[in-house]
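Trainee: What follows is entry.cif, made up of mmCIF, C-alpha atoms:
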data_data
#
loop_
_atom_site.label_atom_id
_atom_site.label_comp_id
_atom_site.auth_asym_id
_atom_site.auth_seq_id
_atom_site.Cartn_x
_atom_site.Cartn_y
_atom_site.Cartn_z
CA MET A 1 -3.67 -23.11 13.65
CA SER A 2 -4.80 -24.62 16.89
CA THR A 3 -8.53 -25.21 17.22
CA GLY A 4 -8.62 -26.68 20.72
CA ALA A 5 -8.68 -24.53 23.81
CA ALA A 6 -5.54 -24.28 25.89
CA THR A 7 -5.38 -26.69 28.83
CA PRO A 8 -4.91 -24.85 32.15
CA ALA A 9 -2.01 -25.98 34.30
CA ARG A 10 -2.96 -28.06 37.30
CA ARG A 11 -3.18 -26.36 40.67
CA GLY A 12 0.26 -26.15 42.23
CA GLN A 13 2.02 -26.69 38.92
CA GLN A 14 2.14 -23.09 37.72
CA PRO A 15 5.60 -21.71 36.95
CA PRO A 16 7.02 -19.81 39.95
CA ARG A 17 6.68 -16.48 38.15
CA LEU A 18 2.90 -17.00 37.93
CA GLY A 19 2.39 -17.82 41.61
CA ARG A 20 1.04 -14.40 42.59
CA TYR A 21 -1.62 -14.47 39.88
CA HIS A 22 -3.06 -17.70 41.28
CA ALA A 23 -2.57 -16.94 44.97
CA ARG A 24 -5.72 -16.69 47.08
CA TRP A 25 -4.18 -14.01 49.33
CA HIS A 26 -3.59 -11.75 46.35
CA ARG A 27 -7.10 -12.35 45.02
CA VAL A 28 -8.53 -11.25 48.38
CA LEU A 29 -6.38 -8.09 48.38
CA ARG A 30 -7.44 -7.36 44.79
CA PHE A 31 -11.10 -7.72 45.72
CA VAL A 32 -10.69 -5.10 48.43
CA ALA A 33 -8.70 -2.77 46.18
CA GLN A 34 -10.83 -3.18 43.05
CA ARG A 35 -14.37 -3.56 44.36
CA LEU A 36 -14.33 -1.76 47.71
CA VAL A 37 -11.96 1.10 46.83
CA LEU A 38 -11.64 1.55 43.06
CA ARG A 39 -15.26 0.82 42.10
CA PRO A 40 -16.79 3.51 44.37
CA VAL A 41 -14.18 6.05 43.22
CA VAL A 42 -14.82 5.39 39.51
CA SER A 43 -18.58 5.49 40.11
CA THR A 44 -18.21 8.82 41.92
CA VAL A 45 -16.06 10.62 39.35
CA THR A 46 -17.76 9.20 36.22
CA ALA A 47 -21.23 8.14 35.17
CA THR A 48 -20.33 4.71 33.80
CA THR A 49 -22.72 2.21 32.26
CA VAL A 50 -21.95 -1.32 31.06
CA GLU A 51 -23.88 -2.84 28.15
CA GLY A 52 -23.78 -6.22 26.45
CA THR A 53 -22.84 -8.49 29.36
CA ASP A 54 -25.46 -10.92 28.08
CA ASN A 55 -23.10 -11.47 25.15
CA VAL A 56 -20.72 -13.33 27.49
CA GLU A 57 -23.19 -15.09 29.78
CA GLY A 58 -21.95 -18.53 28.77
CA LEU A 59 -18.26 -17.63 28.74
CA THR A 60 -16.14 -19.90 30.94
CA GLY A 61 -12.42 -20.40 31.30
CA PRO A 62 -9.66 -18.06 30.14
CA TYR A 63 -10.20 -15.52 27.39
CA ILE A 64 -8.51 -12.51 25.78
CA LEU A 65 -10.26 -9.21 26.41
CA VAL A 66 -9.35 -6.61 23.79
CA ALA A 67 -10.35 -2.95 23.95
CA ASN A 68 -9.58 0.40 22.38
CA HIS A 69 -7.27 2.58 24.44
CA CYS A 70 -7.16 6.36 24.82
CA SER A 71 -6.95 7.01 28.57
CA HIS A 72 -5.43 5.75 31.81
CA LEU A 73 -9.06 5.60 32.92
CA ASP A 74 -9.71 2.66 30.57
CA THR A 75 -8.29 -0.07 32.81
CA ALA A 76 -9.87 1.33 35.96
CA VAL A 77 -13.30 1.41 34.30
CA VAL A 78 -13.07 -2.15 32.95
CA ILE A 79 -11.66 -3.68 36.14
CA SER A 80 -14.09 -1.95 38.49
CA GLN A 81 -17.31 -1.87 36.46
CA LEU A 82 -17.51 -5.20 34.64
CA PRO A 83 -19.25 -8.04 36.52
CA TYR A 84 -16.96 -9.60 39.11
CA ARG A 85 -17.21 -13.02 37.45
CA LEU A 86 -15.32 -11.53 34.49
CA THR A 87 -12.67 -9.66 36.47
CA LYS A 88 -12.06 -12.02 39.40
CA LYS A 89 -9.01 -13.60 37.76
CA LEU A 90 -8.41 -11.08 34.97
CA THR A 91 -4.78 -10.10 34.41
CA VAL A 92 -3.90 -6.89 32.58
CA GLY A 93 -0.99 -6.33 30.23
CA ALA A 94 0.86 -3.13 31.18
CA ALA A 95 3.73 -1.37 29.44
CA ALA A 96 6.87 -2.41 31.32
CA ASP A 97 8.71 0.81 30.47
CA TYR A 98 5.95 2.91 32.04
CA PHE A 99 4.36 0.94 34.87
CA TYR A 100 7.30 -1.25 35.91
CA SER A 101 10.04 1.39 35.95
CA ARG A 102 9.48 2.26 39.65
CA TRP A 103 8.75 -0.11 42.50
CA TRP A 104 5.77 1.89 43.75
CA THR A 105 4.00 2.05 40.37
CA LYS A 106 4.66 -1.66 39.92
CA ALA A 107 3.20 -2.44 43.36
CA ALA A 108 0.15 -0.20 42.92
CA THR A 109 -0.76 -1.44 39.45
CA SER A 110 -0.18 -5.05 40.47
CA LEU A 111 -2.59 -4.65 43.39
CA PHE A 112 -5.35 -2.63 41.74
CA PHE A 113 -5.16 -4.05 38.22
CA ASN A 114 -3.38 -7.43 38.54
CA THR A 115 -0.91 -6.38 35.87
CA TYR A 116 1.87 -8.23 34.16
CA PRO A 117 4.65 -6.54 32.13
CA ILE A 118 4.49 -6.20 28.35
CA HIS A 119 7.71 -5.04 26.73
CA ARG A 120 6.86 -2.69 23.90
CA GLY A 121 9.03 -2.83 20.82
CA ARG A 122 11.48 -5.71 20.85
CA SER A 123 10.27 -8.22 23.41
CA SER A 124 13.03 -9.52 25.64
CA GLY A 125 13.77 -10.60 29.16
CA LYS A 126 11.39 -12.03 31.71
CA GLY A 127 8.25 -10.52 30.17
CA LYS A 128 8.54 -12.48 26.93
CA GLY A 129 5.72 -14.95 26.39
CA LEU A 130 3.99 -14.13 29.66
CA SER A 131 0.62 -13.50 28.01
CA GLN A 132 0.46 -17.03 26.65
CA GLN A 133 1.73 -18.52 29.91
CA LEU A 134 -1.05 -16.82 31.84
CA LEU A 135 -3.67 -18.05 29.38
CA THR A 136 -2.42 -21.64 29.40
CA SER A 137 -2.37 -21.58 33.23
CA GLY A 138 -6.10 -20.81 33.15
CA LEU A 139 -6.17 -17.04 33.60
CA PRO A 140 -7.90 -14.52 31.30
CA ILE A 141 -5.90 -11.54 30.10
CA MET A 142 -6.72 -8.01 28.99
CA ILE A 143 -4.75 -6.36 26.18
CA PHE A 144 -4.96 -2.99 24.47
CA PRO A 145 -3.91 -4.07 20.95
CA GLU A 146 -3.25 -0.52 19.72
CA GLY A 147 -0.08 -0.69 21.81
CA THR A 148 -0.45 2.75 23.38
CA ARG A 149 -3.09 5.36 24.17
CA SER A 150 -4.63 7.33 21.34
CA ARG A 151 -3.63 10.99 21.56
CA ASP A 152 -6.77 12.20 19.79
CA GLY A 153 -9.40 9.66 20.80
CA VAL A 154 -9.39 7.96 17.38
CA MET A 155 -8.86 4.21 17.47
CA ARG A 156 -5.86 2.89 15.53
CA THR A 157 -5.55 -0.50 13.82
CA PHE A 158 -4.78 -3.27 16.28
CA LYS A 159 -1.38 -4.90 16.41
CA PRO A 160 -1.70 -8.66 15.77
CA GLY A 161 -0.60 -9.95 19.19
CA ALA A 162 -4.09 -10.66 20.57
CA ALA A 163 -5.22 -12.30 17.33
CA MET A 164 -2.11 -14.46 17.35
CA LEU A 165 -2.74 -15.55 20.94
CA SER A 166 -6.30 -16.53 20.04
CA ALA A 167 -5.12 -18.48 17.01
CA THR A 168 -2.38 -20.35 18.87
CA THR A 169 -4.34 -21.15 22.05
CA GLY A 170 -7.82 -21.60 20.60
CA LEU A 171 -9.20 -19.19 23.21
CA PRO A 172 -11.77 -16.50 22.33
CA CYS A 173 -11.21 -12.77 22.10
CA VAL A 174 -13.86 -10.66 23.82
CA PRO A 175 -14.14 -7.29 22.02
CA VAL A 176 -14.86 -4.30 24.25
CA ALA A 177 -15.51 -0.75 23.06
CA LEU A 178 -14.87 2.08 25.50
CA LEU A 179 -16.75 5.29 24.84
CA GLY A 180 -16.18 8.58 26.66
CA THR A 181 -12.93 7.79 28.46
CA TYR A 182 -10.96 10.10 26.18
CA GLU A 183 -13.33 12.98 26.88
CA ALA A 184 -13.35 12.14 30.59
CA MET A 185 -9.60 11.88 31.05
CA PRO A 186 -7.47 12.50 27.93
CA VAL A 187 -3.72 11.99 27.75
CA GLY A 188 -1.99 14.47 30.05
CA ARG A 189 -4.59 14.34 32.80
CA PHE A 190 -4.23 12.19 35.91
CA TRP A 191 -7.80 12.60 37.19
CA PRO A 192 -11.12 12.73 35.32
CA LEU A 193 -12.70 16.07 34.47
CA PRO A 194 -15.29 17.37 36.96
CA GLY A 195 -18.99 16.84 36.44
CA ARG A 196 -19.08 13.02 36.30
CA PRO A 197 -18.50 12.65 32.53
CA ARG A 198 -20.42 9.84 30.87
CA VAL A 199 -18.53 6.63 30.05
CA ARG A 200 -19.94 3.55 28.33
CA VAL A 201 -18.47 0.04 28.26
CA LEU A 202 -19.79 -2.09 25.39
CA VAL A 203 -19.10 -5.82 25.63
CA GLY A 204 -19.31 -7.70 22.35
CA ARG A 205 -19.72 -11.38 21.56
CA PRO A 206 -16.61 -13.59 21.82
CA MET A 207 -14.71 -14.04 18.55
CA ARG A 208 -12.40 -16.77 17.28
CA PRO A 209 -10.49 -17.23 14.03
CA GLN A 210 -12.66 -18.93 11.42
CA PRO A 211 -11.43 -22.04 9.58
CA GLY A 212 -8.76 -21.04 7.08
CA GLU A 213 -8.61 -17.47 8.36
CA SER A 214 -5.10 -16.06 8.78
CA VAL A 215 -3.98 -14.17 11.86
CA ARG A 216 -3.83 -11.00 9.78
CA GLU A 217 -7.41 -11.47 8.56
CA PHE A 218 -8.68 -12.23 12.05
CA ASN A 219 -6.87 -9.20 13.43
CA THR A 220 -8.56 -7.02 10.81
CA ARG A 221 -11.95 -8.49 11.68
CA LEU A 222 -11.30 -7.95 15.40
CA THR A 223 -10.28 -4.33 14.78
CA ASP A 224 -13.34 -3.76 12.62
CA ARG A 225 -15.65 -5.25 15.28
CA VAL A 226 -14.48 -2.87 18.02
CA ARG A 227 -14.50 0.08 15.62
CA THR A 228 -18.05 -0.78 14.50
CA MET A 229 -19.22 -1.07 18.11
CA MET A 230 -17.78 2.39 18.76
CA THR A 231 -19.33 3.90 15.63
CA MET A 232 -22.75 2.34 16.13
CA GLN A 233 -22.49 2.80 19.91
CA THR A 234 -23.92 -0.64 20.58
CA PRO A 235 -22.50 -4.03 21.64
CA TYR A 236 -24.91 -5.75 19.22
CA VAL A 237 -23.61 -5.47 15.67
CA VAL A 238 -24.16 -7.16 12.30
CA GLY A 239 -22.81 -10.70 12.45
CA ASP A 240 -24.07 -11.46 15.93
CA SER A 241 -27.33 -12.92 14.53
CA ARG A 242 -29.21 -12.61 17.82
CA ARG A 243 -32.47 -14.54 17.81
CA GLY A 244 -35.27 -12.08 18.43
CA GLY A 245 -32.67 -9.64 19.75
CA HIS A 246 -31.92 -11.69 22.90
CA GLY A 247 -30.28 -14.92 23.87
CA GLY A 248 -29.34 -16.39 20.48
CA ARG A 249 -25.84 -17.51 19.59
CA SER A 250 -24.04 -16.06 16.60
CA GLN A 251 -22.85 -18.29 13.80
CA GLU A 252 -19.35 -17.31 14.81
CA GLU A 253 -19.88 -18.35 18.42
CA ALA A 254 -21.53 -21.62 17.45
CA SER A 255 -18.83 -22.64 14.98
#
In structure tokens, write the structure found in this file.
Mentor:
Amino acid sequence: MSTGAATPARRGQQPPRLGRYHARWHRVLRFVAQRLVLRPVVSTVTATTVEGTDNVEGLTGPYILVANHCSHLDTAVVISQLPYRLTKKLTVGAAADYFYSRWWTKAATSLFFNTYPIHRGRSSGKGKGLSQQLLTSGLPIMIFPEGTRSRDGVMRTFKPGAAMLSATTGLPCVPVALLGTYEAMPVGRFWPLPGRPRVRVLVGRPMRPQPGESVREFNTRLTDRVRTMMTMQTPYVVGDSRRGGHGGRSQEEAS
């Protein structure tokens, strides 16, 4: 198990397939699309609040954002509502069979969400290993470890991909719990319900595998953390050990 953080590739040395993700011109276009177009729309059709950003105040460099998934609204909420310092370079794993099957969906999701293709099932072709390549080139990624949207709003056990990436790169996972997106826009709908439904984004403290902890054990702990945040409806859960409720580092974060 690697304990050191991945070393980002030097500027200009990224593999050709990663050029767009590092390009300044694309970052400028994303800013316009995400902050000047998407953010006002999401804020208009939902009443979204973000809690727990103090948990990641000291977070620098690439990371792996993991969240529960039950709506196409999930990505739009995270990308548009989290602080810009967290989303400026964030890349989002998207199902290749769904979002990359037509040129126009590929172009739209690439612009608004900075997506890269994830091949569900047997990984093959040009999408294989792209998550790790993005991380080692210095870019954070966002993954929905359940693999697909929940059809009933109940979170399923995470697949181990995110935990494995954290273990092999030494980079932290940032657990995020999304509340209300299923009720706002369940599977089958392509626009949120009227009335500005309430949505909450809970940002937990970064997590890494502990010494001697297997990928399977870390994946279980990561799953349990997001599930607990959802159940308790708070980004501050047992194990964070916050000094006086604010500003303290957890034992996990300090180790």
Trainee: The PyMOL selection byres ((chain A and resi 157-171) around 9) on the file shown: which residues, as a ChimeraX atom specification?
Mentor: /A:1-7,61-66,68,131-132,135-136,143-147,155-156,172-173,207-209,214-216,218-220,222-224
Trainee: Report the distance between CA of Gly19 (chain A) and CA of Phe113 (chain A) in Å, rounded to one decimal place.
Mentor: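 If I compute the distance from CA of Gly19 (chain A) to CA of Phe113 (chain A), I get 16.1 Å.
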Trainee: Take CA of Val41 (chain A) and CA of Val56 (chain A) and report the distance between them in Å, one decimal.
Mentor: 25.8 Å
Trainee: Between A:Met232, A:Ile118, A:Val154, A:Val176, which has the minimum distance to Ala95 (chain A) (counting all atoms listed in the file)?
Mentor: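 Looking only at the distances to Ala95 (chain A), the closest residue turns out to be A:Ile118.
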Trainee: Considering only C-alpha atoms, state which residue in the set A:Ala96, A:Val50, A:Leu59, A:Met142 is at the smallest distance from Pro117 (chain A).
Mentor: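 Closest to Pro117 (chain A), using only C-alpha atoms: A:Ala96.
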Trainee: My structure is short of atoms at region 85-104 of chain A; please model N, CA and C atoms there, returning them as a tab-separated table (two decimals), in the coordinates of the input.
Mentor:
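Result written to out19.tsv:
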chain	number	residue	atom	x	y	z
A	85	ARG	N	-17.53	-11.72	38.01
A	85	ARG	CA	-17.21	-13.02	37.45
A	85	ARG	C	-16.23	-12.90	36.28
A	86	LEU	N	-16.23	-11.74	35.61
A	86	LEU	CA	-15.32	-11.53	34.49
A	86	LEU	C	-13.96	-10.99	34.92
A	87	THR	N	-13.91	-10.31	36.05
A	87	THR	CA	-12.67	-9.66	36.47
A	87	THR	C	-11.97	-10.35	37.64
A	88	LYS	N	-12.61	-11.36	38.22
A	88	LYS	CA	-12.06	-12.02	39.40
A	88	LYS	C	-10.63	-12.49	39.19
A	89	LYS	N	-10.35	-13.08	38.04
A	89	LYS	CA	-9.01	-13.60	37.76
A	89	LYS	C	-8.32	-12.86	36.62
A	90	LEU	N	-8.93	-11.78	36.14
A	90	LEU	CA	-8.41	-11.08	34.97
A	90	LEU	C	-7.05	-10.46	35.25
A	91	THR	N	-6.09	-10.72	34.35
A	91	THR	CA	-4.78	-10.10	34.41
A	91	THR	C	-4.68	-9.07	33.28
A	92	VAL	N	-3.93	-8.01	33.51
A	92	VAL	CA	-3.90	-6.89	32.58
A	92	VAL	C	-2.48	-6.63	32.10
A	93	GLY	N	-2.29	-6.65	30.79
A	93	GLY	CA	-0.99	-6.33	30.23
A	93	GLY	C	-0.69	-4.86	30.37
A	94	ALA	N	0.47	-4.53	30.96
A	94	ALA	CA	0.86	-3.13	31.18
A	94	ALA	C	2.25	-2.89	30.63
A	95	ALA	N	2.44	-1.71	30.04
A	95	ALA	CA	3.73	-1.37	29.44
A	95	ALA	C	4.83	-1.39	30.51
A	96	ALA	N	5.81	-2.26	30.32
A	96	ALA	CA	6.87	-2.41	31.32
A	96	ALA	C	7.68	-1.13	31.48
A	97	ASP	N	7.89	-0.39	30.39
A	97	ASP	CA	8.71	0.81	30.47
A	97	ASP	C	8.02	1.93	31.21
A	98	TYR	N	6.70	1.84	31.37
A	98	TYR	CA	5.95	2.91	32.04
A	98	TYR	C	5.54	2.52	33.44
A	99	PHE	N	4.93	1.33	33.59
A	99	PHE	CA	4.36	0.94	34.87
A	99	PHE	C	5.31	0.10	35.73
A	100	TYR	N	6.39	-0.41	35.15
A	100	TYR	CA	7.30	-1.25	35.91
A	100	TYR	C	8.67	-0.60	36.09
A	101	SER	N	8.75	0.69	35.83
A	101	SER	CA	10.04	1.39	35.95
A	101	SER	C	10.34	1.81	37.39
A	102	ARG	N	9.31	1.89	38.24
A	102	ARG	CA	9.48	2.26	39.65
A	102	ARG	C	8.77	1.24	40.51
A	103	TRP	N	9.32	0.94	41.67
A	103	TRP	CA	8.75	-0.11	42.50
A	103	TRP	C	7.34	0.24	42.95
A	104	TRP	N	7.07	1.53	43.22
A	104	TRP	CA	5.77	1.89	43.75
A	104	TRP	C	4.68	1.85	42.69
